[in-house]
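*Asks:* Supplied structure: work_35.pdb, PDB, C-alpha atoms and all ligand atoms.
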```
ATOM      1  CA  MET A   1      13.048   5.947  -1.892  1.00  0.00           C
ATOM      2  CA  LYS A   2      10.311   3.749  -3.231  1.00  0.00           C
ATOM      3  CA  ASN A   3       6.764   4.739  -2.415  1.00  0.00           C
ATOM      4  CA  GLU A   4       4.891   1.661  -1.233  1.00  0.00           C
ATOM      5  CA  ASN A   5       1.563   3.095  -2.323  1.00  0.00           C
ATOM      6  CA  GLU A   6       2.678   3.505  -5.911  1.00  0.00           C
ATOM      7  CA  SER A   7       2.640  -0.212  -6.523  1.00  0.00           C
ATOM      8  CA  THR A   8      -0.912  -0.738  -5.252  1.00  0.00           C
ATOM      9  CA  GLY A   9      -2.423   2.760  -5.440  1.00  0.00           C
ATOM     10  CA  ALA A  10      -3.711   2.743  -8.996  1.00  0.00           C
ATOM     11  CA  LYS A  11      -4.907  -0.833  -8.948  1.00  0.00           C
ATOM     12  CA  TYR A  12      -8.592  -1.593  -8.647  1.00  0.00           C
ATOM     13  CA  GLU A  13      -9.449  -3.758  -5.690  1.00  0.00           C
ATOM     14  CA  TYR A  14     -12.740  -5.305  -4.768  1.00  0.00           C
ATOM     15  CA  GLY A  15     -14.764  -5.294  -1.601  1.00  0.00           C
ATOM     16  CA  ILE A  16     -17.660  -7.557  -0.654  1.00  0.00           C
ATOM     17  CA  CYS A  17     -20.834  -6.403   1.109  1.00  0.00           C
ATOM     18  CA  GLU A  18     -20.948  -8.187   4.471  1.00  0.00           C
ATOM     19  CA  TYR A  19     -24.730  -8.622   4.189  1.00  0.00           C
ATOM     20  CA  CYS A  20     -25.611  -9.538   0.595  1.00  0.00           C
ATOM     21  CA  GLY A  21     -22.229 -10.635  -0.782  1.00  0.00           C
ATOM     22  CA  GLN A  22     -22.335  -8.181  -3.692  1.00  0.00           C
ATOM     23  CA  THR A  23     -18.856  -7.425  -5.049  1.00  0.00           C
ATOM     24  CA  TYR A  24     -17.826  -3.845  -5.789  1.00  0.00           C
ATOM     25  CA  PHE A  25     -14.613  -2.598  -7.336  1.00  0.00           C
ATOM     26  CA  ILE A  26     -12.976   0.349  -5.662  1.00  0.00           C
ATOM     27  CA  ASN A  27      -9.895   2.319  -6.554  1.00  0.00           C
ATOM     28  CA  MET A  28      -8.869   3.686  -3.203  1.00  0.00           C
ATOM     29  CA  PRO A  29      -5.400   2.935  -1.878  1.00  0.00           C
ATOM     30  CA  GLU A  30      -6.294   3.908   1.720  1.00  0.00           C
ATOM     31  CA  TYR A  31      -8.439   0.777   2.039  1.00  0.00           C
ATOM     32  CA  GLU A  32      -5.413  -1.452   2.047  1.00  0.00           C
ATOM     33  CA  THR A  33      -6.790  -4.516   3.819  1.00  0.00           C
ATOM     34  CA  GLN A  34      -9.634  -6.723   2.613  1.00  0.00           C
ATOM     35  CA  GLU A  35     -11.515  -6.023   5.877  1.00  0.00           C
ATOM     36  CA  LYS A  36     -11.344  -2.272   5.277  1.00  0.00           C
ATOM     37  CA  ARG A  37     -12.449  -2.676   1.657  1.00  0.00           C
ATOM     38  CA  ASN A  38     -15.357  -4.874   2.746  1.00  0.00           C
ATOM     39  CA  ALA A  39     -16.357  -2.395   5.435  1.00  0.00           C
ATOM     40  CA  HIS A  40     -16.171   0.444   2.912  1.00  0.00           C
ATOM     41  CA  VAL A  41     -18.393  -1.208   0.289  1.00  0.00           C
ATOM     42  CA  THR A  42     -20.801  -2.485   2.972  1.00  0.00           C
ATOM     43  CA  LYS A  43     -21.390   1.149   3.966  1.00  0.00           C
ATOM     44  CA  LYS A  44     -22.194   2.062   0.350  1.00  0.00           C
ATOM     45  CA  CYS A  45     -24.223  -1.028  -0.605  1.00  0.00           C
ATOM     46  CA  THR A  46     -27.907  -0.479  -1.288  1.00  0.00           C
ATOM     47  CA  CYS A  47     -29.220  -3.827   0.006  1.00  0.00           C
ATOM     48  CA  PRO A  48     -31.763  -3.393   2.877  1.00  0.00           C
ATOM     49  CA  GLU A  49     -29.518  -4.947   5.559  1.00  0.00           C
ATOM     50  CA  ALA A  50     -26.567  -2.740   4.631  1.00  0.00           C
ATOM     51  CA  GLU A  51     -28.804   0.339   4.529  1.00  0.00           C
ATOM     52  CA  THR A  52     -30.190  -0.443   8.001  1.00  0.00           C
ATOM     53  CA  ALA A  53     -26.680  -0.983   9.370  1.00  0.00           C
ATOM     54  CA  ALA A  54     -25.494   2.270   7.771  1.00  0.00           C
ATOM     55  CA  ARG A  55     -28.467   4.164   9.243  1.00  0.00           C
ATOM     56  CA  ILE A  56     -27.770   2.766  12.719  1.00  0.00           C
ATOM     57  CA  ALA A  57     -24.074   3.616  12.451  1.00  0.00           C
ATOM     58  CA  LYS A  58     -24.916   7.142  11.355  1.00  0.00           C
ATOM     59  CA  GLN A  59     -27.417   7.662  14.196  1.00  0.00           C
ATOM     60  CA  ILE A  60     -24.847   6.494  16.743  1.00  0.00           C
ATOM     61  CA  GLU A  61     -22.221   8.749  15.208  1.00  0.00           C
ATOM     62  CA  LYS A  62     -24.532  11.787  15.303  1.00  0.00           C
ATOM     63  CA  GLY A  63     -25.796  11.061  18.836  1.00  0.00           C
ATOM     64  CA  THR A  64     -22.275  10.536  20.132  1.00  0.00           C
ATOM     65  CA  LYS A  65     -21.199  13.792  18.512  1.00  0.00           C
ATOM     66  CA  ARG A  66     -24.069  15.663  20.198  1.00  0.00           C
ATOM     67  CA  VAL A  67     -23.150  14.154  23.573  1.00  0.00           C
ATOM     68  CA  GLN A  68     -19.585  15.398  23.053  1.00  0.00           C
ATOM     69  CA  GLU A  69     -20.905  18.827  22.064  1.00  0.00           C
ATOM     70  CA  LEU A  70     -23.171  19.252  25.077  1.00  0.00           C
ATOM     71  CA  PHE A  71     -21.001  17.572  27.723  1.00  0.00           C
ATOM     72  CA  GLY A  72     -17.438  17.469  26.352  1.00  0.00           C
ATOM     73  CA  ASP A  73     -14.828  20.137  25.754  1.00  0.00           C
ATOM     74  CA  VAL A  74     -16.942  22.239  23.379  1.00  0.00           C
ATOM     75  CA  ALA A  75     -19.840  22.499  25.855  1.00  0.00           C
ATOM     76  CA  GLU A  76     -18.658  26.023  26.650  1.00  0.00           C
ATOM     77  CA  LYS A  77     -19.943  27.037  23.232  1.00  0.00           C
ATOM     78  CA  TYR A  78     -23.447  26.400  24.596  1.00  0.00           C
ATOM     79  CA  GLY A  79     -22.716  28.144  27.876  1.00  0.00           C
ATOM     80  CA  PHE A  80     -22.102  24.930  29.807  1.00  0.00           C
ATOM     81  CA  GLU A  81     -19.113  23.792  31.781  1.00  0.00           C
ATOM     82  CA  PRO A  82     -17.462  20.717  30.204  1.00  0.00           C
ATOM     83  CA  VAL A  83     -17.981  17.524  32.211  1.00  0.00           C
ATOM     84  CA  GLN A  84     -14.523  16.462  33.397  1.00  0.00           C
ATOM     85  CA  ASN A  85     -15.321  12.800  34.009  1.00  0.00           C
ATOM     86  CA  GLN A  86     -14.670  10.981  30.729  1.00  0.00           C
ATOM     87  CA  SER A  87     -16.375   7.768  31.882  1.00  0.00           C
ATOM     88  CA  ALA A  88     -19.557   9.741  32.473  1.00  0.00           C
ATOM     89  CA  ILE A  89     -19.438  10.936  28.856  1.00  0.00           C
ATOM     90  CA  GLU A  90     -18.652   7.400  27.653  1.00  0.00           C
ATOM     91  CA  THR A  91     -21.669   6.119  29.583  1.00  0.00           C
ATOM     92  CA  LEU A  92     -23.891   8.625  27.782  1.00  0.00           C
ATOM     93  CA  CYS A  93     -22.445   7.490  24.440  1.00  0.00           C
ATOM     94  CA  ASN A  94     -23.200   3.860  25.358  1.00  0.00           C
ATOM     95  CA  MET A  95     -26.782   4.885  26.131  1.00  0.00           C
ATOM     96  CA  VAL A  96     -27.045   6.448  22.673  1.00  0.00           C
ATOM     97  CA  SER A  97     -26.031   3.085  21.211  1.00  0.00           C
ATOM     98  CA  LEU A  98     -28.567   1.184  23.349  1.00  0.00           C
ATOM     99  CA  ILE A  99     -31.355   3.545  22.261  1.00  0.00           C
ATOM    100  CA  VAL A 100     -30.425   3.335  18.573  1.00  0.00           C
ATOM    101  CA  HIS A 101     -30.426  -0.487  18.864  1.00  0.00           C
ATOM    102  CA  ASP A 102     -33.891  -0.364  20.528  1.00  0.00           C
ATOM    103  CA  VAL A 103     -32.594  -1.943  23.737  1.00  0.00           C
ATOM    104  CA  ILE A 104     -33.941   0.956  25.793  1.00  0.00           C
ATOM    105  CA  VAL A 105     -36.338   3.766  24.865  1.00  0.00           C
ATOM    106  CA  SER A 106     -34.759   6.685  26.715  1.00  0.00           C
ATOM    107  CA  ALA A 107     -32.305   7.440  29.501  1.00  0.00           C
ATOM    108  CA  THR A 108     -32.090  10.153  32.113  1.00  0.00           C
ATOM    109  CA  VAL A 109     -28.806  10.380  33.978  1.00  0.00           C
ATOM    110  CA  GLN A 110     -28.040  12.652  36.907  1.00  0.00           C
ATOM    111  CA  LEU A 111     -24.341  13.329  36.369  1.00  0.00           C
ATOM    112  CA  ASN A 112     -23.828  15.352  39.517  1.00  0.00           C
ATOM    113  CA  GLY A 113     -25.782  17.575  41.871  1.00  0.00           C
ATOM    114  CA  ARG A 114     -26.601  20.028  39.096  1.00  0.00           C
ATOM    115  CA  THR A 115     -26.184  18.370  35.718  1.00  0.00           C
ATOM    116  CA  ARG A 116     -28.728  16.056  34.167  1.00  0.00           C
ATOM    117  CA  ALA A 117     -28.649  14.357  30.775  1.00  0.00           C
ATOM    118  CA  LYS A 118     -31.644  13.071  28.907  1.00  0.00           C
ATOM    119  CA  ILE A 119     -31.318  10.941  25.800  1.00  0.00           C
ATOM    120  CA  SER A 120     -34.382  10.011  23.789  1.00  0.00           C
ATOM    121  CA  THR A 121     -35.623   9.787  20.223  1.00  0.00           C
ATOM    122  CA  THR A 122     -37.905  12.192  18.403  1.00  0.00           C
ATOM    123  CA  SER A 123     -41.032  10.962  16.641  1.00  0.00           C
ATOM    124  CA  GLY A 124     -38.998  11.166  13.433  1.00  0.00           C
ATOM    125  CA  GLY A 125     -36.501   8.657  14.843  1.00  0.00           C
ATOM    126  CA  LYS A 126     -33.740  11.154  15.508  1.00  0.00           C
ATOM    127  CA  ILE A 127     -31.624  10.955  18.643  1.00  0.00           C
ATOM    128  CA  LYS A 128     -32.292  13.833  20.995  1.00  0.00           C
ATOM    129  CA  ILE A 129     -29.770  14.875  23.651  1.00  0.00           C
ATOM    130  CA  GLU A 130     -30.761  17.330  26.374  1.00  0.00           C
ATOM    131  CA  ARG A 131     -28.653  18.861  29.109  1.00  0.00           C
ATOM    132  CA  THR A 132     -30.267  20.468  32.119  1.00  0.00           C
ATOM    133  CA  GLU A 133     -28.438  22.517  34.715  1.00  0.00           C
ATOM    134  CA  THR A 134     -30.243  23.204  37.943  1.00  0.00           C
ATOM    135  CA  THR A 135     -29.335  26.315  39.812  1.00  0.00           C
ATOM    136  CA  LYS A 136     -30.888  26.582  43.191  1.00  0.00           C
ATOM    137  CA  ALA A 137     -30.636  29.587  45.444  1.00  0.00           C
ATOM    138  CA  GLN A 138     -31.779  29.555  49.005  1.00  0.00           C
ATOM    139  CA  LEU A 139     -31.456  32.481  51.321  1.00  0.00           C
ATOM    140  CA  LYS A 140     -31.910  32.179  55.021  1.00  0.00           C
ATOM    141  CA  GLU A 141     -32.023  34.891  57.586  1.00  0.00           C
TER     142      GLU A 141
HETATM  143 ZN    ZN B   1     -25.299  -5.434   0.448  1.00  0.00          ZN
END
```
Turn this file's structure into structure tokens for me.
*Replies:*
Amino acid sequence: MKNENESTGAKYEYGICEYCGQTYFINMPEYETQEKRNAHVTKKCTCPEAETAARIAKQIEKGTKRVQELFGDVAEKYGFEPVQNQSAIETLCNMVSLIVHDVIVSATVQLNGRTRAKISTTSGGKIKIERTETTKAQLKE
């Protein structure tokens, strides 16, 4: 059986930075379409626009990962119950994106009676995700 990758795998292909138009040659068979090659070199390009876009993408990726850590399936690792509602988690991820793009400064979301999420940025420009659980006890005679 003929391996499709063998014919193209060793060949150098080029990608173009979406911002400055700089051409880079890459030798990576997994970037099989021109769009993927362009996206790959755009991430690596050192022009200011590409660097800004890469920084934004990275911040969103990190923030989204932290949301998943604190509210998703691995929340138990931090002693929290995972939030079952996936759209609630998606909403928090969208807020991360809005904050990174400077659309909003911070967001506080009350997910249910006990769970609150706060998303903000540190003075160093890092995305900060906080989860607060309120436990209230009231005893009556
Ligand atoms: Zn560039």
*Asks:* Please find the residues contacting ligand ZN 1 (chain B) at a distance of at most 6 Å between atoms, with only C-alpha atoms and all ligand atoms counted, and report them as an mmCIF file with C-alpha atoms, in the frame of the given file.
*Replies:*
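The resulting part-v5.cif:
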```cif
data_model
loop_
_atom_site.group_PDB
_atom_site.id
_atom_site.type_symbol
_atom_site.label_atom_id
_atom_site.label_comp_id
_atom_site.auth_asym_id
_atom_site.auth_seq_id
_atom_site.Cartn_x
_atom_site.Cartn_y
_atom_site.Cartn_z
ATOM 1 C CA CYS A 17 -20.834 -6.403 1.109
ATOM 2 C CA TYR A 19 -24.730 -8.622 4.189
ATOM 3 C CA CYS A 20 -25.611 -9.538 0.595
ATOM 4 C CA GLN A 22 -22.335 -8.181 -3.692
ATOM 5 C CA THR A 42 -20.801 -2.485 2.972
ATOM 6 C CA CYS A 45 -24.223 -1.028 -0.605
ATOM 7 C CA THR A 46 -27.907 -0.479 -1.288
ATOM 8 C CA CYS A 47 -29.220 -3.827 0.006
ATOM 9 C CA ALA A 50 -26.567 -2.740 4.631
#
```
*Asks:* What residues come out when you apply the PyMOL selection byres (((chain A and resi 93-96) around 8) and not hetatm) to this file, written as number ranges by chain?
*Replies:* A: 60, 63-64, 67, 89-92, 97-100, 107, 119, 127
*Asks:* May I ask which of the residues A:Ala39, A:Leu70, A:Val103, A:Glu81 is the closest one to A:Arg131, counting all atoms listed in the file?
*Replies:*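 Nearest to A:Arg131: A:Leu70.
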*Asks:* When you draw a straight line from atom CA of A:Thr121 to atom CA of A:Ala88, how long is it in Å?
*Replies:*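 Computing the Euclidean distance for atom CA of A:Thr121 and atom CA of A:Ala88 yields 20.2 Å.
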*Asks:* Could you state the separation of atom CA of A:Thr134 and atom CA of A:Thr122 in Å, given to one decimal place?
*Replies:*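 If I compute the distance from atom CA of A:Thr134 to atom CA of A:Thr122, I get 23.7 Å.
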*Asks:* Quick check, in Å to one decimal: how far apart do atom CA of A:Val105 and atom CA of A:Ser120 lie?
*Replies:* 6.6 Å
*Asks:* Here is a test: counting all atoms listed in the file, which residue of A:Gln84, A:Thr33, A:Gln138, A:Thr23 is nearest to A:Gly72?
*Replies:* A:Gln84
